[in-house]
Amino acid sequence: MTTTVEAPYFNISDPAFAMHSEAVRNARERSWYARTNYGIAVLQYEDVSKLLKSPKLRQGSARWPEHNGVHSGIFYDWWTKNLLVLEGEDHHRIRRLLNPAFSPKMIASLVPRFQALANELVDAFIDKGRCEFVQDFAEPYATRVLTILLGIDENEWPKIAQLASTIGLALGVTLKQDLWKVEAAVEELYAYAEDLIKDRHQNPGDDFVSKLVLANRDGDRLSDPELRNALVLLIFGGMDTTRNQLGLAMQSFMHHPDQWELLAQRPELGGKAVEEVMRINPTVTWVTREAVEDFEHKGLTIEAGTTVHLFTQVAGTDPRAFPEPQMDLLGEHAAHYGFGGGVHHCLGHFVARADMSEALPLLAARMSNPRIAGDDEWMPDSGNTGPVRLPITFDKRS
Amino acid sequence: MKVHVDRKLCDNHGQCAIAAPDVFRMNDDGVLEYDENITDDQVDEVEEAIDVCPVQAILLASD
Ligand code: HEM
Ligand code: SF4
């Protein structure tokens, strides 16, 4: 019980709080958890792994709008009915109906289009020897992958990217002020979703949205509003995450040029590259849960209602689970939790894994010696992170 | 038909228990339990579980 007395403390709302910091690593060495200004934070791999999947915890973001003074409206209705915050049978029923569209087979059929897209984007800047990686690659790639998956006109991508980012404002503490913008964005994305649903009802094919429109499990189906809600969640959950993760991948590889060369020579390591980058440099650095009932973990009593932050990024380099924690595409490492875990495990992970594991080796094969050109700008190093702007220079491989 | 879960790979995410609750369930400790022997009418469900397992730990074999 000594850990209770000695537990480290972090103010995770302080803009200066950083995940990649000596203070957080030291805390992880001393204690499996820290106290914070808002619940506890779990630091060590074994405990993150266990608690992420514990039936004693549920999604912590469900009451996010209420915490920020939002109790009704189109955003509130979307948020409180989406898969990410639903629990129990309400969650499982929707997930079961969405699952078949995300089968590995369905995703594999899209891979040639991901490759063509990556090459098209690289073609546009390769001769210049420089690019702004977010604007010229990560953002259009992440967004257009989603438009390909959903069958939205690819030319619409800048609009879709902008709407998704606007909904992202809802995750900030200024939700109340931004609400009118967020609501307008949800409404506009609903319009895209409704058009798609209507079209696939009339002309069903074997594409992704047709699969969802036709999804049927023991006579149960998704209603049109349920499907509309889910399509907007996919856009919201799939775009900024993939864009940020690609930017962070570039950052990690620029710190490890030997690994970049290895990837260029052995493109089959693309999958490993994704796993390693998401382990040491994930965009989602923590997920939040809430205790459903009182329970004990390692001598600590966690009371019902307690907020529990699972610091998945800190766990990913815990030396207890990773004796050699540095980035190594040839190493055998335990699983990371960059896609979360348990019942809310990322639904789109096969898509994200497939598109990033194509993009990274392709980039490595075409650019050598990438380096930061200066003037880069970053989101805060906590919550969901990544580059805002990442100008790089490189040598074109012949 | 026989279900086999590779316990070295399985990370107890419980997605199989969502996809095929007749065959897979999570106990109070959050650990997977499942029926090894399944009937023909459970095969579709199990195939869905195979697809959704995030670490692809589930196999189905004829006995
Ligand atoms: C690198 C890219 C991605 C990352 C890092 C990521 C990360 C995550 C994480 C950490 C969660 C769990 C959140 C929690 O437990 O609180 C999650 C859930 C989710 N993700 Fe992703 N994601 C990515 C891409 C995608 C894509 C491409 C899609 C859709 C096509 C998607 C759709 C979803 C959905 C629907 C959920 C909610 C699942 C549920 O609650 O059952 N994600 N994602
Ligand atoms: S979905 Fe896979 S990892 Fe999760 S409990 Fe089932 S077999 Fe194990």
# chains A, B, ... in the order shown; residues from 1 in each chain; ligands from 1

$ residues_around --residues "Asn12 of chain B" --least-positions-apart "2" --cutoff "6 Å" --atoms "only C-alpha atoms" --output "mmCIF file with N, CA and C atoms, in the first residue's frame"
data_model
loop_
_atom_site.group_PDB
_atom_site.id
_atom_site.type_symbol
_atom_site.label_atom_id
_atom_site.label_comp_id
_atom_site.auth_asym_id
_atom_site.auth_seq_id
_atom_site.Cartn_x
_atom_site.Cartn_y
_atom_site.Cartn_z
ATOM 1 N N CYS B 10 -3.537 -14.288 -28.197
ATOM 2 C CA CYS B 10 -4.774 -13.683 -27.685
ATOM 3 C C CYS B 10 -4.453 -12.669 -26.596
ATOM 4 N N GLY B 14 -11.708 -9.366 -26.404
ATOM 5 C CA GLY B 14 -13.134 -9.666 -26.289
ATOM 6 C C GLY B 14 -13.958 -9.353 -27.522
ATOM 7 N N VAL B 31 -10.987 -12.390 -18.867
ATOM 8 C CA VAL B 31 -10.209 -13.387 -19.609
ATOM 9 C C VAL B 31 -11.146 -14.231 -20.480
ATOM 10 N N LEU B 32 -10.700 -14.519 -21.707
ATOM 11 C CA LEU B 32 -11.514 -15.272 -22.675
ATOM 12 C C LEU B 32 -11.770 -16.715 -22.242
#

$ interface_residues --of "chain B" --to "chain A" --cutoff "6 Å" --atoms "only C-alpha atoms" --output "list of chain:residue names"
B:His13, B:Gly14, B:Ile18, B:Ala19, B:Gly30, B:Asp51

$ residues_near_ligand --ligand "ligand 2" --cutoff "7 Å" --atoms "only C-alpha atoms and all ligand atoms" --output "CSV table (one decimal) with C-alpha atoms, in the first residue's frame"
chain,number,residue,atom,x,y,z
B,5,VAL,CA,-7.4,-19.8,-30.0
B,9,LEU,CA,-1.4,-14.3,-29.3
B,10,CYS,CA,-4.8,-13.7,-27.7
B,11,ASP,CA,-4.8,-10.4,-25.8
B,12,ASN,CA,-8.3,-10.7,-24.3
B,13,HIS,CA,-9.8,-7.9,-26.3
B,14,GLY,CA,-13.1,-9.7,-26.3
B,15,GLN,CA,-14.1,-8.8,-29.9
B,16,CYS,CA,-14.8,-12.4,-30.5
B,17,ALA,CA,-17.3,-12.4,-27.6
B,32,LEU,CA,-11.5,-15.3,-22.7
B,49,ALA,CA,-15.1,-13.7,-34.8
B,52,VAL,CA,-12.7,-9.3,-36.1
B,53,CYS,CA,-10.0,-10.6,-33.8
B,54,PRO,CA,-7.5,-7.7,-33.7
B,55,VAL,CA,-4.5,-10.0,-33.3
B,56,GLN,CA,-6.0,-12.8,-35.6
B,57,ALA,CA,-5.6,-15.5,-32.9
B,58,ILE,CA,-8.6,-17.7,-33.8

$ closest_residue --among "A:Trp378, A:Phe295, A:Tyr190, A:Tyr141" --to "ligand 1" --atoms "only C-alpha atoms and all ligand atoms"
A:Tyr141

$ residues_around --residues "Phe10 of chain A" --least-positions-apart "3" --cutoff "7 Å" --atoms "only C-alpha atoms" --output "PyMOL selection string"
chain A and resi 35-37

$ residues_around --residues "Glu33 of chain B" --least-positions-apart "4" --cutoff "9 Å" --atoms "only C-alpha atoms" --output "list in words"
Val23, Phe24, Arg25, Met26 and Asn27 of chain B

$ residues_around --residues "Ala18 of chain A" --least-positions-apart "5" --cutoff "12 Å" --atoms "only C-alpha atoms" --output "PyMOL selection string"
chain A and resi 10-13+23-25+285+311+313-314+379-385
